[in-house]
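Text of query_23.cif (mmCIF, N, CA and C atoms) as supplied:
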data_protein
loop_
_atom_site.label_atom_id
_atom_site.label_comp_id
_atom_site.auth_asym_id
_atom_site.auth_seq_id
_atom_site.Cartn_x
_atom_site.Cartn_y
_atom_site.Cartn_z
N MET A 10 100.48 90.25 -40.37
CA MET A 10 100.55 91.05 -39.18
C MET A 10 99.25 91.85 -39.05
N SER A 11 98.72 91.85 -37.90
CA SER A 11 97.44 92.53 -37.72
C SER A 11 97.65 94.04 -37.56
N HIS A 12 96.60 94.77 -37.85
CA HIS A 12 96.63 96.22 -37.73
C HIS A 12 96.79 96.66 -36.27
N SER A 13 96.34 95.85 -35.33
CA SER A 13 96.40 96.23 -33.92
C SER A 13 97.83 96.36 -33.41
N LYS A 14 98.80 95.77 -34.09
CA LYS A 14 100.19 95.89 -33.68
C LYS A 14 100.77 97.26 -34.04
N HIS A 15 100.07 98.02 -34.86
CA HIS A 15 100.54 99.33 -35.30
C HIS A 15 99.68 100.46 -34.75
N THR A 16 99.24 100.36 -33.53
CA THR A 16 98.36 101.39 -33.00
C THR A 16 99.04 102.29 -31.98
N LYS A 17 100.38 102.32 -31.94
CA LYS A 17 101.04 103.21 -30.99
C LYS A 17 100.81 104.66 -31.40
N ARG A 18 100.97 105.57 -30.48
CA ARG A 18 100.70 106.98 -30.70
C ARG A 18 101.59 107.55 -31.81
N GLY A 19 100.99 108.28 -32.71
CA GLY A 19 101.72 108.91 -33.79
C GLY A 19 102.02 108.01 -34.97
N PHE A 20 101.58 106.78 -34.94
CA PHE A 20 101.82 105.86 -36.04
C PHE A 20 100.52 105.61 -36.78
N SER A 21 100.58 105.66 -38.07
CA SER A 21 99.41 105.39 -38.88
C SER A 21 99.79 104.40 -39.97
N LEU A 22 99.14 103.28 -39.99
CA LEU A 22 99.39 102.28 -41.01
C LEU A 22 99.06 102.83 -42.39
N TYR A 23 98.03 103.67 -42.48
CA TYR A 23 97.65 104.28 -43.75
C TYR A 23 98.79 105.12 -44.31
N ILE A 24 99.40 105.97 -43.46
CA ILE A 24 100.46 106.86 -43.91
C ILE A 24 101.74 106.08 -44.19
N GLU A 25 102.09 105.15 -43.33
CA GLU A 25 103.35 104.42 -43.46
C GLU A 25 103.35 103.43 -44.63
N LYS A 26 102.27 102.74 -44.87
CA LYS A 26 102.27 101.66 -45.85
C LYS A 26 101.47 101.97 -47.12
N TRP A 27 100.30 102.56 -46.98
CA TRP A 27 99.40 102.66 -48.12
C TRP A 27 99.50 103.97 -48.87
N ASN A 28 99.74 105.07 -48.19
CA ASN A 28 99.82 106.37 -48.86
C ASN A 28 100.99 107.15 -48.27
N SER A 29 102.18 106.78 -48.64
CA SER A 29 103.36 107.43 -48.08
C SER A 29 103.56 108.85 -48.61
N SER A 30 102.81 109.24 -49.64
CA SER A 30 102.91 110.62 -50.14
C SER A 30 102.33 111.62 -49.14
N ALA A 31 101.57 111.14 -48.17
CA ALA A 31 101.03 112.03 -47.14
C ALA A 31 102.10 112.49 -46.16
N LYS A 32 103.27 111.86 -46.20
CA LYS A 32 104.36 112.25 -45.30
C LYS A 32 104.87 113.66 -45.56
N LYS A 33 104.63 114.18 -46.76
CA LYS A 33 105.10 115.53 -47.04
C LYS A 33 104.34 116.59 -46.25
N TYR A 34 103.23 116.21 -45.64
CA TYR A 34 102.46 117.13 -44.80
C TYR A 34 102.79 116.98 -43.32
N ILE A 35 103.79 116.19 -42.99
CA ILE A 35 104.22 116.02 -41.61
C ILE A 35 105.44 116.90 -41.37
N ASN A 36 105.35 117.78 -40.39
CA ASN A 36 106.45 118.66 -40.02
C ASN A 36 107.23 118.07 -38.86
N THR A 37 108.54 118.24 -38.88
CA THR A 37 109.41 117.80 -37.80
C THR A 37 110.34 118.94 -37.43
N CYS A 38 110.41 119.27 -36.16
CA CYS A 38 111.29 120.33 -35.69
C CYS A 38 112.74 119.87 -35.85
N ALA A 39 113.58 120.75 -36.38
CA ALA A 39 114.98 120.40 -36.62
C ALA A 39 115.78 120.30 -35.32
N ILE A 40 115.29 120.87 -34.23
CA ILE A 40 116.05 120.89 -32.99
C ILE A 40 115.58 119.81 -32.02
N CYS A 41 114.30 119.80 -31.70
CA CYS A 41 113.82 118.86 -30.68
C CYS A 41 113.24 117.58 -31.27
N GLY A 42 112.93 117.58 -32.56
CA GLY A 42 112.40 116.38 -33.20
C GLY A 42 110.91 116.17 -33.04
N ARG A 43 110.21 117.14 -32.47
CA ARG A 43 108.76 117.04 -32.31
C ARG A 43 108.10 116.97 -33.68
N THR A 44 107.09 116.13 -33.81
CA THR A 44 106.40 115.99 -35.09
C THR A 44 104.94 116.40 -34.97
N GLY A 45 104.41 116.87 -36.05
CA GLY A 45 103.01 117.27 -36.15
C GLY A 45 102.67 117.49 -37.60
N TYR A 46 101.41 117.77 -37.87
CA TYR A 46 101.04 117.99 -39.26
C TYR A 46 101.11 119.47 -39.61
N SER A 47 101.27 119.72 -40.89
CA SER A 47 101.39 121.08 -41.41
C SER A 47 100.04 121.79 -41.33
N PRO A 48 100.03 123.08 -40.99
CA PRO A 48 98.77 123.83 -40.96
C PRO A 48 98.10 123.95 -42.34
N VAL A 49 98.80 123.61 -43.39
CA VAL A 49 98.26 123.67 -44.74
C VAL A 49 97.05 122.76 -44.89
N ILE A 50 97.03 121.65 -44.19
CA ILE A 50 95.94 120.69 -44.38
C ILE A 50 94.64 121.14 -43.75
N GLU A 51 94.65 122.21 -42.98
CA GLU A 51 93.43 122.71 -42.36
C GLU A 51 92.64 123.64 -43.27
N ARG A 52 93.19 123.99 -44.42
CA ARG A 52 92.48 124.84 -45.36
C ARG A 52 91.35 124.06 -46.03
N GLU A 53 90.28 124.73 -46.34
CA GLU A 53 89.10 124.08 -46.93
C GLU A 53 89.39 123.46 -48.29
N ASP A 54 90.20 124.12 -49.11
CA ASP A 54 90.48 123.57 -50.43
C ASP A 54 91.31 122.28 -50.33
N PHE A 55 92.16 122.16 -49.32
CA PHE A 55 92.90 120.91 -49.12
C PHE A 55 91.98 119.81 -48.64
N ARG A 56 91.12 120.14 -47.70
CA ARG A 56 90.18 119.13 -47.17
C ARG A 56 89.27 118.57 -48.26
N ALA A 57 88.85 119.41 -49.17
CA ALA A 57 87.95 118.96 -50.23
C ALA A 57 88.63 117.94 -51.15
N LYS A 58 89.90 118.13 -51.41
CA LYS A 58 90.61 117.24 -52.32
C LYS A 58 91.20 116.02 -51.62
N ASN A 59 91.62 116.17 -50.37
CA ASN A 59 92.36 115.11 -49.66
C ASN A 59 91.74 114.82 -48.31
N GLU A 60 90.50 114.46 -48.30
CA GLU A 60 89.78 114.25 -47.05
C GLU A 60 90.38 113.11 -46.21
N VAL A 61 90.79 112.04 -46.84
CA VAL A 61 91.34 110.90 -46.11
C VAL A 61 92.66 111.26 -45.45
N ILE A 62 93.52 111.98 -46.16
CA ILE A 62 94.80 112.41 -45.58
C ILE A 62 94.56 113.33 -44.40
N TYR A 63 93.62 114.27 -44.54
CA TYR A 63 93.32 115.17 -43.43
C TYR A 63 92.83 114.41 -42.20
N LYS A 64 91.92 113.49 -42.40
CA LYS A 64 91.37 112.73 -41.26
C LYS A 64 92.44 111.92 -40.57
N GLU A 65 93.30 111.28 -41.34
CA GLU A 65 94.33 110.42 -40.76
C GLU A 65 95.39 111.23 -40.02
N LEU A 66 95.85 112.33 -40.61
CA LEU A 66 96.86 113.15 -39.94
C LEU A 66 96.31 113.84 -38.70
N SER A 67 95.11 114.35 -38.77
CA SER A 67 94.54 115.03 -37.60
C SER A 67 94.18 114.05 -36.49
N ARG A 68 93.96 112.79 -36.84
CA ARG A 68 93.66 111.78 -35.84
C ARG A 68 94.92 111.36 -35.08
N THR A 69 96.05 111.26 -35.77
CA THR A 69 97.26 110.73 -35.15
C THR A 69 98.22 111.80 -34.64
N LEU A 70 98.18 113.01 -35.20
CA LEU A 70 99.13 114.06 -34.83
C LEU A 70 98.39 115.35 -34.47
N SER A 71 99.13 116.30 -33.93
CA SER A 71 98.58 117.63 -33.68
C SER A 71 99.27 118.61 -34.63
N VAL A 72 98.74 119.80 -34.74
CA VAL A 72 99.30 120.79 -35.65
C VAL A 72 100.66 121.26 -35.14
N LEU A 73 101.62 121.44 -36.05
CA LEU A 73 102.96 121.92 -35.72
C LEU A 73 103.40 122.88 -36.80
N GLU A 74 103.45 124.15 -36.45
CA GLU A 74 103.89 125.16 -37.39
C GLU A 74 105.37 125.40 -37.20
N LEU A 75 106.11 125.46 -38.30
CA LEU A 75 107.55 125.67 -38.26
C LEU A 75 107.89 127.03 -38.86
N ASP A 76 108.99 127.63 -38.37
CA ASP A 76 109.44 128.88 -38.95
C ASP A 76 110.36 128.59 -40.15
N LYS A 77 110.99 129.62 -40.67
CA LYS A 77 111.82 129.43 -41.87
C LYS A 77 113.06 128.59 -41.61
N ASN A 78 113.45 128.42 -40.35
CA ASN A 78 114.59 127.59 -39.99
C ASN A 78 114.18 126.19 -39.55
N ASP A 79 112.95 125.82 -39.81
CA ASP A 79 112.38 124.51 -39.44
C ASP A 79 112.41 124.27 -37.93
N ARG A 80 112.11 125.31 -37.16
CA ARG A 80 112.04 125.19 -35.70
C ARG A 80 110.59 125.36 -35.26
N CYS A 81 110.20 124.62 -34.22
CA CYS A 81 108.87 124.81 -33.65
C CYS A 81 108.87 126.11 -32.83
N ALA A 82 107.72 126.55 -32.39
CA ALA A 82 107.61 127.82 -31.67
C ALA A 82 108.38 127.80 -30.35
N VAL A 83 108.39 126.66 -29.65
CA VAL A 83 109.08 126.55 -28.37
C VAL A 83 110.59 126.68 -28.56
N CYS A 84 111.14 125.94 -29.50
CA CYS A 84 112.58 125.99 -29.75
C CYS A 84 113.01 127.36 -30.28
N ALA A 85 112.19 127.97 -31.13
CA ALA A 85 112.50 129.30 -31.65
C ALA A 85 112.53 130.33 -30.54
N ALA A 86 111.58 130.24 -29.61
CA ALA A 86 111.55 131.20 -28.50
C ALA A 86 112.78 131.06 -27.61
N ILE A 87 113.20 129.84 -27.36
CA ILE A 87 114.37 129.60 -26.52
C ILE A 87 115.63 130.09 -27.22
N GLN A 88 115.79 129.81 -28.48
CA GLN A 88 116.99 130.24 -29.20
C GLN A 88 117.03 131.74 -29.39
N ASP A 89 115.89 132.36 -29.66
CA ASP A 89 115.86 133.81 -29.85
C ASP A 89 116.09 134.54 -28.55
N LYS A 90 115.73 133.92 -27.43
CA LYS A 90 115.91 134.53 -26.12
C LYS A 90 117.40 134.58 -25.75
N ARG A 91 118.16 133.60 -26.19
CA ARG A 91 119.59 133.54 -25.88
C ARG A 91 120.40 134.57 -26.62
N ARG A 92 119.91 135.10 -27.71
CA ARG A 92 120.68 136.05 -28.51
C ARG A 92 120.68 137.41 -27.94
#
Using structure tokens, write down the structure from this file.
Amino acid sequence: MSHSKHTKRGFSLYIEKWNSSAKKYINTCAICGRTGYSPVIEREDFRAKNEVIYKELSRTLSVLELDKNDRCAVCAAIQDKRR
């Protein structure tokens, strides 16, 4: 199977097949299911050690910060507003 069949948005052949340990840096919102990479990978000490993971995640995803309840900022604002 050629690599061109795996070029849809948010999919990385490197992460899915070759280095699945990079998945621990992918955040997923518990409510809406939005995915993005953890802000941890933007630190200089992470980039120095894991340059390939940083390049691949930043190329395919955008940053997604989660709160302590694993919610993205949009879902947290909506839920906190209802209370």
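Residue membership of the PyMOL selection byres ((chain A and resi 64-76) around 6.5) in the shown file amounts to Arg18, Gly19, Phe20, Asn36, Thr44, Gly45, Tyr46, Ser47, Pro48, Asn59, Glu60, Val61, Ile62, Tyr63, Lys77, Asn78, Asp79, Arg80, Cys81 and Ala82 of chain A.
For the atom pair formed by CA of Tyr34 in chain A and CA of Lys90 in chain A, the distance is 28.9 Å, given to one decimal.
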(message) One number please: atom N of Gln88 in chain A to CA of Arg52 in chain A, in Å, one decimal.
(response) 29.2 Å
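What separates atom C of Ile40 in chain A from atom N of Ala85 in chain A is a distance of 8.9 Å.
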Can range 63-85 of chain A be brought up to N, CA, C and O atoms and written out as an mmCIF file, in the frame of the given file?
data_model
loop_
_atom_site.group_PDB
_atom_site.id
_atom_site.type_symbol
_atom_site.label_atom_id
_atom_site.label_comp_id
_atom_site.auth_asym_id
_atom_site.auth_seq_id
_atom_site.Cartn_x
_atom_site.Cartn_y
_atom_site.Cartn_z
ATOM 1 N N TYR A 63 93.620 114.270 -44.540
ATOM 2 C CA TYR A 63 93.320 115.170 -43.430
ATOM 3 C C TYR A 63 92.830 114.410 -42.200
ATOM 4 O O TYR A 63 93.300 114.639 -41.094
ATOM 5 N N LYS A 64 91.920 113.490 -42.400
ATOM 6 C CA LYS A 64 91.370 112.730 -41.260
ATOM 7 C C LYS A 64 92.440 111.920 -40.570
ATOM 8 O O LYS A 64 92.502 111.862 -39.347
ATOM 9 N N GLU A 65 93.300 111.280 -41.340
ATOM 10 C CA GLU A 65 94.330 110.420 -40.760
ATOM 11 C C GLU A 65 95.390 111.230 -40.020
ATOM 12 O O GLU A 65 95.780 110.883 -38.909
ATOM 13 N N LEU A 66 95.850 112.330 -40.610
ATOM 14 C CA LEU A 66 96.860 113.150 -39.940
ATOM 15 C C LEU A 66 96.310 113.840 -38.700
ATOM 16 O O LEU A 66 96.986 113.892 -37.671
ATOM 17 N N SER A 67 95.110 114.350 -38.770
ATOM 18 C CA SER A 67 94.540 115.030 -37.600
ATOM 19 C C SER A 67 94.180 114.050 -36.490
ATOM 20 O O SER A 67 94.122 114.417 -35.330
ATOM 21 N N ARG A 68 93.960 112.790 -36.840
ATOM 22 C CA ARG A 68 93.660 111.780 -35.840
ATOM 23 C C ARG A 68 94.920 111.360 -35.080
ATOM 24 O O ARG A 68 94.880 111.132 -33.880
ATOM 25 N N THR A 69 96.050 111.260 -35.770
ATOM 26 C CA THR A 69 97.260 110.730 -35.150
ATOM 27 C C THR A 69 98.220 111.800 -34.640
ATOM 28 O O THR A 69 99.011 111.523 -33.741
ATOM 29 N N LEU A 70 98.180 113.010 -35.200
ATOM 30 C CA LEU A 70 99.130 114.060 -34.830
ATOM 31 C C LEU A 70 98.390 115.350 -34.470
ATOM 32 O O LEU A 70 97.196 115.481 -34.699
ATOM 33 N N SER A 71 99.130 116.300 -33.930
ATOM 34 C CA SER A 71 98.580 117.630 -33.680
ATOM 35 C C SER A 71 99.270 118.610 -34.630
ATOM 36 O O SER A 71 100.299 118.299 -35.232
ATOM 37 N N VAL A 72 98.740 119.800 -34.740
ATOM 38 C CA VAL A 72 99.300 120.790 -35.650
ATOM 39 C C VAL A 72 100.660 121.260 -35.140
ATOM 40 O O VAL A 72 100.882 121.404 -33.930
ATOM 41 N N LEU A 73 101.620 121.440 -36.050
ATOM 42 C CA LEU A 73 102.960 121.920 -35.720
ATOM 43 C C LEU A 73 103.400 122.880 -36.800
ATOM 44 O O LEU A 73 103.696 122.481 -37.923
ATOM 45 N N GLU A 74 103.450 124.150 -36.450
ATOM 46 C CA GLU A 74 103.890 125.160 -37.390
ATOM 47 C C GLU A 74 105.370 125.400 -37.200
ATOM 48 O O GLU A 74 105.864 125.507 -36.080
ATOM 49 N N LEU A 75 106.110 125.460 -38.300
ATOM 50 C CA LEU A 75 107.550 125.670 -38.260
ATOM 51 C C LEU A 75 107.890 127.030 -38.860
ATOM 52 O O LEU A 75 107.200 127.523 -39.738
ATOM 53 N N ASP A 76 108.990 127.630 -38.370
ATOM 54 C CA ASP A 76 109.440 128.880 -38.950
ATOM 55 C C ASP A 76 110.360 128.590 -40.150
ATOM 56 O O ASP A 76 110.507 127.453 -40.567
ATOM 57 N N LYS A 77 110.990 129.620 -40.670
ATOM 58 C CA LYS A 77 111.820 129.430 -41.870
ATOM 59 C C LYS A 77 113.060 128.590 -41.610
ATOM 60 O O LYS A 77 113.664 128.061 -42.541
ATOM 61 N N ASN A 78 113.450 128.420 -40.350
ATOM 62 C CA ASN A 78 114.590 127.590 -39.990
ATOM 63 C C ASN A 78 114.180 126.190 -39.550
ATOM 64 O O ASN A 78 114.975 125.473 -38.945
ATOM 65 N N ASP A 79 112.950 125.820 -39.810
ATOM 66 C CA ASP A 79 112.380 124.510 -39.440
ATOM 67 C C ASP A 79 112.410 124.270 -37.930
ATOM 68 O O ASP A 79 112.681 123.166 -37.480
ATOM 69 N N ARG A 80 112.110 125.310 -37.160
ATOM 70 C CA ARG A 80 112.040 125.190 -35.700
ATOM 71 C C ARG A 80 110.590 125.360 -35.260
ATOM 72 O O ARG A 80 109.858 126.152 -35.832
ATOM 73 N N CYS A 81 110.200 124.620 -34.220
ATOM 74 C CA CYS A 81 108.870 124.810 -33.650
ATOM 75 C C CYS A 81 108.870 126.110 -32.830
ATOM 76 O O CYS A 81 109.926 126.703 -32.591
ATOM 77 N N ALA A 82 107.720 126.550 -32.390
ATOM 78 C CA ALA A 82 107.610 127.820 -31.670
ATOM 79 C C ALA A 82 108.380 127.800 -30.350
ATOM 80 O O ALA A 82 108.991 128.795 -29.956
ATOM 81 N N VAL A 83 108.390 126.660 -29.650
ATOM 82 C CA VAL A 83 109.080 126.550 -28.370
ATOM 83 C C VAL A 83 110.590 126.680 -28.560
ATOM 84 O O VAL A 83 111.253 127.452 -27.868
ATOM 85 N N CYS A 84 111.140 125.940 -29.500
ATOM 86 C CA CYS A 84 112.580 125.990 -29.750
ATOM 87 C C CYS A 84 113.010 127.360 -30.280
ATOM 88 O O CYS A 84 114.063 127.876 -29.930
ATOM 89 N N ALA A 85 112.190 127.970 -31.130
ATOM 90 C CA ALA A 85 112.500 129.300 -31.650
ATOM 91 C C ALA A 85 112.530 130.330 -30.540
ATOM 92 O O ALA A 85 113.414 131.203 -30.512
#
